[in-house]
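Q: run.cif is reproduced below (mmCIF, N, CA and C atoms).
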```cif
data_coords
#
loop_
_atom_site.label_atom_id
_atom_site.label_comp_id
_atom_site.auth_asym_id
_atom_site.auth_seq_id
_atom_site.Cartn_x
_atom_site.Cartn_y
_atom_site.Cartn_z
N MET D 1 272.01 111.44 120.73
CA MET D 1 272.90 111.11 119.64
C MET D 1 274.31 111.56 120.01
N VAL D 2 275.27 110.72 119.69
CA VAL D 2 276.68 111.03 119.92
C VAL D 2 277.35 111.15 118.56
N LEU D 3 277.91 112.31 118.28
CA LEU D 3 278.59 112.54 117.01
C LEU D 3 280.09 112.30 117.21
N ALA D 4 280.51 111.04 117.04
CA ALA D 4 281.91 110.67 117.24
C ALA D 4 282.75 111.01 116.01
N ASP D 5 282.11 111.13 114.85
CA ASP D 5 282.81 111.45 113.60
C ASP D 5 282.14 112.67 112.99
N PRO D 6 282.82 113.84 113.00
CA PRO D 6 282.24 115.06 112.44
C PRO D 6 281.94 114.96 110.94
N GLY D 7 282.50 113.96 110.27
CA GLY D 7 282.22 113.75 108.85
C GLY D 7 280.74 113.52 108.59
N TRP D 8 280.02 112.98 109.58
CA TRP D 8 278.58 112.79 109.42
C TRP D 8 277.88 114.11 109.19
N ARG D 9 278.22 115.13 109.96
CA ARG D 9 277.55 116.43 109.83
C ARG D 9 277.93 117.11 108.52
N ARG D 10 279.15 116.89 108.06
CA ARG D 10 279.55 117.44 106.76
C ARG D 10 278.76 116.76 105.64
N ALA D 11 278.56 115.45 105.76
CA ALA D 11 277.84 114.71 104.72
C ALA D 11 276.34 114.97 104.78
N LEU D 12 275.80 115.12 105.98
CA LEU D 12 274.36 115.35 106.19
C LEU D 12 274.19 116.40 107.29
N PRO D 13 274.09 117.67 106.91
CA PRO D 13 273.98 118.72 107.92
C PRO D 13 272.82 118.52 108.90
N ASP D 14 271.74 117.86 108.48
CA ASP D 14 270.59 117.63 109.37
C ASP D 14 270.59 116.20 109.92
N VAL D 15 271.77 115.63 110.14
CA VAL D 15 271.88 114.23 110.56
C VAL D 15 271.15 113.95 111.87
N ALA D 16 271.17 114.89 112.81
CA ALA D 16 270.49 114.67 114.10
C ALA D 16 268.98 114.51 113.88
N LYS D 17 268.41 115.32 113.03
CA LYS D 17 266.98 115.23 112.73
C LYS D 17 266.65 113.90 112.05
N ILE D 18 267.50 113.46 111.14
CA ILE D 18 267.29 112.19 110.43
C ILE D 18 267.30 111.02 111.42
N VAL D 19 268.27 111.02 112.32
CA VAL D 19 268.41 109.95 113.31
C VAL D 19 267.20 109.92 114.24
N ARG D 20 266.80 111.08 114.75
CA ARG D 20 265.64 111.13 115.67
C ARG D 20 264.37 110.64 114.98
N ARG D 21 264.14 111.09 113.76
CA ARG D 21 262.94 110.69 113.03
C ARG D 21 262.92 109.18 112.77
N ALA D 22 264.06 108.63 112.40
CA ALA D 22 264.14 107.18 112.12
C ALA D 22 263.89 106.37 113.39
N ALA D 23 264.52 106.75 114.49
CA ALA D 23 264.35 106.00 115.74
C ALA D 23 262.92 106.12 116.25
N ARG D 24 262.36 107.31 116.20
CA ARG D 24 260.97 107.49 116.65
C ARG D 24 259.99 106.70 115.80
N THR D 25 260.20 106.68 114.50
CA THR D 25 259.32 105.93 113.61
C THR D 25 259.40 104.44 113.93
N ALA D 26 260.60 103.94 114.16
CA ALA D 26 260.77 102.52 114.49
C ALA D 26 260.09 102.20 115.82
N LEU D 27 260.26 103.05 116.81
CA LEU D 27 259.64 102.80 118.12
C LEU D 27 258.12 102.82 118.03
N SER D 28 257.59 103.79 117.31
CA SER D 28 256.13 103.86 117.20
C SER D 28 255.59 102.72 116.35
N GLY D 29 256.31 102.34 115.32
CA GLY D 29 255.87 101.26 114.45
C GLY D 29 255.92 99.90 115.11
N ALA D 30 256.80 99.77 116.09
CA ALA D 30 256.88 98.51 116.84
C ALA D 30 255.92 98.52 118.02
N ARG D 31 255.12 99.58 118.08
CA ARG D 31 254.07 99.73 119.09
C ARG D 31 254.62 99.68 120.52
N ARG D 32 255.72 100.37 120.73
CA ARG D 32 256.26 100.48 122.08
C ARG D 32 255.61 101.66 122.76
N ARG D 33 254.98 101.42 123.86
CA ARG D 33 254.30 102.50 124.59
C ARG D 33 255.26 103.12 125.60
N GLY D 34 255.00 104.38 125.88
CA GLY D 34 255.83 105.09 126.85
C GLY D 34 257.09 105.63 126.22
N ARG D 35 257.79 106.39 127.00
CA ARG D 35 259.01 107.02 126.52
C ARG D 35 260.14 105.99 126.48
N GLN D 36 260.74 105.85 125.34
CA GLN D 36 261.85 104.92 125.15
C GLN D 36 263.11 105.72 124.87
N THR D 37 264.22 105.29 125.44
CA THR D 37 265.48 105.97 125.19
C THR D 37 266.50 104.98 124.63
N LEU D 38 267.33 105.52 123.77
CA LEU D 38 268.44 104.76 123.21
C LEU D 38 269.49 105.77 122.80
N VAL D 39 270.68 105.29 122.57
CA VAL D 39 271.78 106.15 122.12
C VAL D 39 272.18 105.70 120.72
N VAL D 40 272.30 106.67 119.82
CA VAL D 40 272.82 106.41 118.48
C VAL D 40 274.16 107.13 118.38
N ALA D 41 275.21 106.36 118.14
CA ALA D 41 276.55 106.93 117.99
C ALA D 41 276.93 106.89 116.51
N LEU D 42 277.26 108.04 115.98
CA LEU D 42 277.68 108.16 114.58
C LEU D 42 279.20 108.21 114.56
N ALA D 43 279.79 107.09 114.15
CA ALA D 43 281.23 106.93 114.22
C ALA D 43 281.80 106.74 112.81
N ASP D 44 283.08 106.42 112.76
CA ASP D 44 283.74 106.14 111.49
C ASP D 44 284.05 104.65 111.39
N ASP D 45 284.56 104.25 110.24
CA ASP D 45 284.86 102.83 110.02
C ASP D 45 285.85 102.28 111.04
N ALA D 46 286.87 103.05 111.37
CA ALA D 46 287.90 102.55 112.29
C ALA D 46 287.30 102.22 113.66
N ALA D 47 286.45 103.08 114.17
CA ALA D 47 285.84 102.83 115.48
C ALA D 47 284.92 101.62 115.44
N VAL D 48 284.13 101.51 114.38
CA VAL D 48 283.20 100.39 114.27
C VAL D 48 283.97 99.09 114.04
N GLN D 49 285.05 99.14 113.28
CA GLN D 49 285.86 97.95 113.08
C GLN D 49 286.42 97.46 114.42
N ALA D 50 286.89 98.38 115.25
CA ALA D 50 287.42 97.98 116.56
C ALA D 50 286.34 97.32 117.41
N LEU D 51 285.13 97.87 117.40
CA LEU D 51 284.02 97.28 118.15
C LEU D 51 283.63 95.92 117.57
N ASN D 52 283.58 95.83 116.26
CA ASN D 52 283.20 94.59 115.59
C ASN D 52 284.22 93.49 115.88
N ARG D 53 285.49 93.84 115.91
CA ARG D 53 286.55 92.88 116.22
C ARG D 53 286.43 92.43 117.68
N ARG D 54 286.26 93.39 118.58
CA ARG D 54 286.19 93.09 120.01
C ARG D 54 284.94 92.27 120.37
N ASP D 55 283.80 92.67 119.81
CA ASP D 55 282.53 92.11 120.28
C ASP D 55 282.00 90.96 119.44
N ARG D 56 282.40 90.89 118.16
CA ARG D 56 281.84 89.85 117.29
C ARG D 56 282.92 88.98 116.64
N GLY D 57 284.18 89.35 116.82
CA GLY D 57 285.26 88.57 116.25
C GLY D 57 285.48 88.78 114.77
N PHE D 58 284.90 89.85 114.20
CA PHE D 58 285.07 90.17 112.78
C PHE D 58 285.94 91.41 112.66
N ASP D 59 287.12 91.26 112.08
CA ASP D 59 288.07 92.37 111.99
C ASP D 59 287.83 93.18 110.73
N LYS D 60 286.64 93.78 110.66
CA LYS D 60 286.28 94.64 109.54
C LYS D 60 285.15 95.56 109.99
N PRO D 61 285.02 96.70 109.33
CA PRO D 61 283.89 97.56 109.68
C PRO D 61 282.58 96.95 109.18
N THR D 62 281.50 97.36 109.77
CA THR D 62 280.17 96.97 109.33
C THR D 62 279.31 98.22 109.38
N ASN D 63 278.14 98.18 108.78
CA ASN D 63 277.34 99.40 108.71
C ASN D 63 276.76 99.81 110.07
N VAL D 64 276.19 98.85 110.80
CA VAL D 64 275.53 99.19 112.07
C VAL D 64 275.73 98.05 113.07
N LEU D 65 275.98 98.44 114.31
CA LEU D 65 276.04 97.49 115.42
C LEU D 65 274.99 97.92 116.44
N SER D 66 274.31 96.95 117.01
CA SER D 66 273.31 97.23 118.05
C SER D 66 273.72 96.53 119.33
N TYR D 67 273.59 97.25 120.44
CA TYR D 67 273.94 96.73 121.75
C TYR D 67 272.74 96.87 122.68
N PRO D 68 271.88 95.85 122.73
CA PRO D 68 270.74 95.92 123.64
C PRO D 68 271.21 95.97 125.09
N SER D 69 270.50 96.74 125.90
CA SER D 69 270.87 96.86 127.31
C SER D 69 270.40 95.67 128.13
N GLY D 70 269.37 94.97 127.62
CA GLY D 70 268.79 93.87 128.39
C GLY D 70 267.78 94.36 129.42
N ARG D 71 267.49 95.66 129.38
CA ARG D 71 266.51 96.25 130.31
C ARG D 71 265.48 97.01 129.50
N ARG D 72 264.43 97.42 130.19
CA ARG D 72 263.41 98.24 129.52
C ARG D 72 263.94 99.63 129.19
N GLN D 73 264.74 100.19 130.08
CA GLN D 73 265.27 101.53 129.87
C GLN D 73 266.71 101.59 130.32
N PRO D 74 267.59 102.20 129.63
CA PRO D 74 267.46 102.52 128.21
C PRO D 74 267.47 101.23 127.39
N LEU D 75 267.00 101.33 126.16
CA LEU D 75 266.95 100.14 125.31
C LEU D 75 268.34 99.64 124.95
N GLY D 76 269.27 100.57 124.74
CA GLY D 76 270.63 100.19 124.36
C GLY D 76 271.26 101.22 123.44
N ASP D 77 272.27 100.79 122.74
CA ASP D 77 273.06 101.66 121.88
C ASP D 77 273.13 101.12 120.46
N ILE D 78 273.21 102.05 119.52
CA ILE D 78 273.41 101.72 118.10
C ILE D 78 274.64 102.52 117.65
N VAL D 79 275.52 101.88 116.90
CA VAL D 79 276.72 102.55 116.39
C VAL D 79 276.76 102.35 114.87
N LEU D 80 276.96 103.44 114.14
CA LEU D 80 277.01 103.38 112.67
C LEU D 80 278.34 103.88 112.15
N ALA D 81 278.83 103.25 111.08
CA ALA D 81 280.12 103.59 110.47
C ALA D 81 279.88 104.42 109.21
N ARG D 82 280.30 105.68 109.25
CA ARG D 82 280.02 106.62 108.16
C ARG D 82 280.49 106.14 106.79
N GLU D 83 281.76 105.76 106.68
CA GLU D 83 282.28 105.40 105.36
C GLU D 83 281.56 104.17 104.78
N THR D 84 281.29 103.19 105.62
CA THR D 84 280.60 101.99 105.15
C THR D 84 279.18 102.32 104.73
N VAL D 85 278.48 103.10 105.53
CA VAL D 85 277.10 103.48 105.19
C VAL D 85 277.08 104.27 103.88
N ALA D 86 278.01 105.19 103.72
CA ALA D 86 278.07 105.99 102.48
C ALA D 86 278.40 105.11 101.28
N ARG D 87 279.34 104.20 101.45
CA ARG D 87 279.73 103.30 100.35
C ARG D 87 278.55 102.42 99.94
N GLU D 88 277.83 101.88 100.92
CA GLU D 88 276.66 101.05 100.62
C GLU D 88 275.57 101.85 99.91
N ALA D 89 275.34 103.07 100.37
CA ALA D 89 274.32 103.91 99.75
C ALA D 89 274.65 104.14 98.27
N ARG D 90 275.90 104.46 97.99
CA ARG D 90 276.32 104.67 96.58
C ARG D 90 276.14 103.38 95.78
N ALA D 91 276.59 102.26 96.32
CA ALA D 91 276.52 100.98 95.60
C ALA D 91 275.07 100.56 95.33
N GLN D 92 274.19 100.90 96.26
CA GLN D 92 272.78 100.53 96.14
C GLN D 92 271.94 101.61 95.47
N ARG D 93 272.61 102.68 95.04
CA ARG D 93 271.96 103.81 94.38
C ARG D 93 270.83 104.40 95.24
N LYS D 94 271.19 104.63 96.51
CA LYS D 94 270.27 105.25 97.47
C LYS D 94 270.91 106.55 97.94
N THR D 95 270.09 107.44 98.44
CA THR D 95 270.66 108.63 99.05
C THR D 95 271.19 108.24 100.43
N LEU D 96 272.17 108.98 100.90
CA LEU D 96 272.76 108.70 102.20
C LEU D 96 271.71 108.84 103.31
N ASP D 97 270.87 109.85 103.22
CA ASP D 97 269.87 110.02 104.29
C ASP D 97 268.87 108.87 104.31
N GLN D 98 268.50 108.34 103.15
CA GLN D 98 267.58 107.21 103.12
C GLN D 98 268.23 105.95 103.71
N HIS D 99 269.48 105.71 103.35
CA HIS D 99 270.16 104.52 103.87
C HIS D 99 270.39 104.65 105.38
N LEU D 100 270.78 105.83 105.84
CA LEU D 100 270.96 106.05 107.27
C LEU D 100 269.64 105.83 108.00
N THR D 101 268.56 106.35 107.46
CA THR D 101 267.24 106.16 108.08
C THR D 101 266.95 104.68 108.23
N HIS D 102 267.16 103.92 107.16
CA HIS D 102 266.91 102.48 107.21
C HIS D 102 267.77 101.81 108.29
N LEU D 103 269.04 102.14 108.35
CA LEU D 103 269.92 101.46 109.29
C LEU D 103 269.64 101.85 110.74
N VAL D 104 269.24 103.09 110.98
CA VAL D 104 268.85 103.47 112.35
C VAL D 104 267.59 102.70 112.75
N MET D 105 266.63 102.60 111.83
CA MET D 105 265.43 101.80 112.11
C MET D 105 265.81 100.35 112.38
N HIS D 106 266.67 99.80 111.53
CA HIS D 106 267.10 98.41 111.66
C HIS D 106 267.74 98.18 113.04
N GLY D 107 268.64 99.06 113.41
CA GLY D 107 269.30 98.93 114.71
C GLY D 107 268.33 99.08 115.87
N THR D 108 267.39 100.02 115.74
CA THR D 108 266.39 100.22 116.79
C THR D 108 265.52 98.97 116.95
N LEU D 109 265.13 98.37 115.84
CA LEU D 109 264.32 97.15 115.92
C LEU D 109 265.11 96.01 116.58
N HIS D 110 266.41 95.95 116.34
CA HIS D 110 267.23 94.96 117.04
C HIS D 110 267.17 95.19 118.54
N LEU D 111 267.24 96.45 118.96
CA LEU D 111 267.16 96.76 120.39
C LEU D 111 265.82 96.33 120.99
N LEU D 112 264.80 96.33 120.15
CA LEU D 112 263.46 95.94 120.60
C LEU D 112 263.25 94.43 120.54
N GLY D 113 264.26 93.69 120.11
CA GLY D 113 264.16 92.24 120.10
C GLY D 113 263.93 91.60 118.75
N TYR D 114 263.80 92.39 117.70
CA TYR D 114 263.64 91.82 116.36
C TYR D 114 264.99 91.27 115.90
N ASP D 115 264.91 90.23 115.08
CA ASP D 115 266.14 89.59 114.61
C ASP D 115 265.91 89.06 113.19
N HIS D 116 266.99 88.71 112.52
CA HIS D 116 266.89 88.17 111.17
C HIS D 116 267.78 86.95 110.98
N GLU D 117 268.04 86.26 112.06
CA GLU D 117 268.88 85.06 111.97
C GLU D 117 268.16 83.91 111.27
N ARG D 118 266.88 83.74 111.56
CA ARG D 118 266.09 82.70 110.89
C ARG D 118 265.25 83.36 109.80
N ASP D 119 264.98 82.63 108.73
CA ASP D 119 264.24 83.17 107.59
C ASP D 119 262.89 83.76 108.00
N ALA D 120 262.15 83.07 108.85
CA ALA D 120 260.83 83.56 109.26
C ALA D 120 260.94 84.88 110.01
N ASP D 121 261.96 84.98 110.88
CA ASP D 121 262.18 86.23 111.62
C ASP D 121 262.62 87.36 110.69
N ALA D 122 263.43 87.01 109.72
CA ALA D 122 263.89 88.02 108.75
C ALA D 122 262.71 88.57 107.97
N LEU D 123 261.79 87.73 107.57
CA LEU D 123 260.61 88.19 106.83
C LEU D 123 259.78 89.17 107.67
N ILE D 124 259.62 88.87 108.94
CA ILE D 124 258.86 89.75 109.84
C ILE D 124 259.57 91.10 109.98
N MET D 125 260.86 91.06 110.25
CA MET D 125 261.62 92.29 110.46
C MET D 125 261.67 93.12 109.18
N GLU D 126 261.93 92.50 108.06
CA GLU D 126 262.02 93.23 106.79
C GLU D 126 260.67 93.83 106.40
N ALA D 127 259.59 93.12 106.65
CA ALA D 127 258.25 93.66 106.33
C ALA D 127 257.96 94.88 107.19
N LEU D 128 258.33 94.83 108.45
CA LEU D 128 258.12 95.98 109.33
C LEU D 128 258.98 97.16 108.89
N GLU D 129 260.24 96.91 108.58
CA GLU D 129 261.12 97.98 108.10
C GLU D 129 260.55 98.62 106.83
N THR D 130 260.12 97.79 105.90
CA THR D 130 259.57 98.29 104.64
C THR D 130 258.35 99.16 104.88
N ARG D 131 257.47 98.71 105.76
CA ARG D 131 256.25 99.46 106.08
C ARG D 131 256.59 100.81 106.75
N LEU D 132 257.53 100.79 107.67
CA LEU D 132 257.91 102.02 108.38
C LEU D 132 258.62 103.00 107.45
N LEU D 133 259.49 102.49 106.60
CA LEU D 133 260.18 103.37 105.65
C LEU D 133 259.18 104.00 104.67
N ALA D 134 258.18 103.24 104.27
CA ALA D 134 257.16 103.77 103.35
C ALA D 134 256.43 104.96 103.99
N ARG D 135 256.22 104.91 105.30
CA ARG D 135 255.61 106.05 106.01
C ARG D 135 256.40 107.33 105.79
N LEU D 136 257.70 107.18 105.61
CA LEU D 136 258.59 108.33 105.43
C LEU D 136 258.89 108.60 103.97
N GLY D 137 258.23 107.86 103.08
CA GLY D 137 258.44 108.07 101.65
C GLY D 137 259.71 107.46 101.11
N ILE D 138 260.24 106.47 101.83
CA ILE D 138 261.49 105.82 101.41
C ILE D 138 261.15 104.47 100.80
N PRO D 139 261.70 104.19 99.60
CA PRO D 139 261.39 102.92 98.92
C PRO D 139 261.86 101.69 99.70
N ASP D 140 261.27 100.57 99.36
CA ASP D 140 261.59 99.28 99.96
C ASP D 140 263.08 98.95 99.74
N PRO D 141 263.86 98.85 100.81
CA PRO D 141 265.29 98.56 100.65
C PRO D 141 265.56 97.11 100.25
N TYR D 142 264.55 96.26 100.37
CA TYR D 142 264.73 94.85 100.05
C TYR D 142 264.21 94.49 98.67
N ALA D 143 263.64 95.45 97.97
CA ALA D 143 263.14 95.20 96.62
C ALA D 143 264.34 94.95 95.69
N PRO D 144 264.19 94.06 94.74
CA PRO D 144 265.30 93.82 93.80
C PRO D 144 265.70 95.10 93.08
N ALA D 145 266.99 95.24 92.86
CA ALA D 145 267.50 96.43 92.14
C ALA D 145 266.95 96.42 90.73
N ARG D 146 266.62 97.59 90.25
CA ARG D 146 266.06 97.69 88.90
C ARG D 146 267.10 98.16 87.93
#
```
Translate the structure of the given file into structure tokens.

A:
Amino acid sequence: MVLADPGWRRALPDVAKIVRRAARTALSGARRRGRQTLVVALADDAAVQALNRRDRGFDKPTNVLSYPSGRRQPLGDIVLARETVAREARAQRKTLDQHLTHLVMHGTLHLLGYDHERDADALIMEALETRLLARLGIPDPYAPAR
């Protein structure tokens, strides 16, 4: 894990543990055998906006970006924007640690080849995320707001 924005540790003192648990759960749930490595960078909105502009042509921050390596090892990199993740968590009435867990899992699954561009693929990926989050006691992030 790379802590590019110290605000993450202020917001979640156990952020490293949360990230490791989320990534490990995603890897085991996707039935990947053997030791898998990836890098999770915890950044701020400005850094993620610069990456999003450079790599995707969108001049705005986003919650998570995934960069698959195209090889078996390492799998690739995931970058998360603290302010965006926190804002989304508040808007969705979720705790920051639960939303971060979901997004780390989401990014890890992207590194493993899961996608949500087509409806059928989105259903597969969302069902897996929901099942893995339930293992950790986290509610379905795709359930309609109550």

Q: Write down as a ChimeraX atom specification the residues belonging to range 76-131 of chain D that are assigned alpha helix (DSSP H) by DSSP computed on the backbone.

A: /D:82-91,96-111,119-131

Q: Any chance you could work out the residue set of the PyMOL selection byres ((chain D and resi 130-138) around 8) here, as a PyMOL selection string?

A: chain D and resi 25-26+29+98+101-102+124-129+139-142

Q: Written as number ranges by chain, which residues does the PyMOL selection byres (((chain D and resi 39 and name CA) around 12) and name CA) give for the file shown?

A: D: 1-3, 16, 19-20, 23, 36-38, 40-42, 65-69, 73-80, 104, 107-108, 111

Q: Could you please determine the separation between atom N of Gly7 in chain D and atom N of Met105 in chain D in Å, to one decimal place?

A: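 Between atom N of Gly7 in chain D and atom N of Met105 in chain D the gap works out to 19.6 Å.
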
Q: If you run DSSP on this backbone, which residues of chain D come out as strand (DSSP E or B), and could you give them as a PyMOL selection string?

A: chain D and resi 2-3+39-43+64-68+76-81

Q: When you draw a straight line from atom N of Gln49 in chain D to CA of Ala30 in chain D, how long is it in Å?

A: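 Taking atom N of Gln49 in chain D and CA of Ala30 in chain D, their separation equals 28.4 Å.
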
Q: Using all atoms listed in the file, which of the listed residues (D:Pro13, D:Pro6, D:Asp119, D:Ala81) sits closest to Val64 in chain D?

A: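 Between D:Pro13, D:Pro6, D:Asp119, D:Ala81, the residue approaching Val64 in chain D most closely is D:Ala81.
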
Q: Would you work out the distance separating CA of Leu12 in chain D from CA of Leu103 in chain D, expressed in Å to one decimal?

A: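 Between CA of Leu12 in chain D and CA of Leu103 in chain D the gap works out to 14.9 Å.
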
Q: Give me the result of the PyMOL selection byres ((chain D and resi 85) around 8) on this file, residue by residue, as a count of residues only.

A: 19

Q: Nearest to Lys17 in chain D among D:Leu109, D:Tyr114, D:Asp97, D:Ala143, with distances taken over only C-alpha atoms: which residue is it?

A: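 Looking only at the distances to Lys17 in chain D, the closest residue turns out to be D:Asp97.
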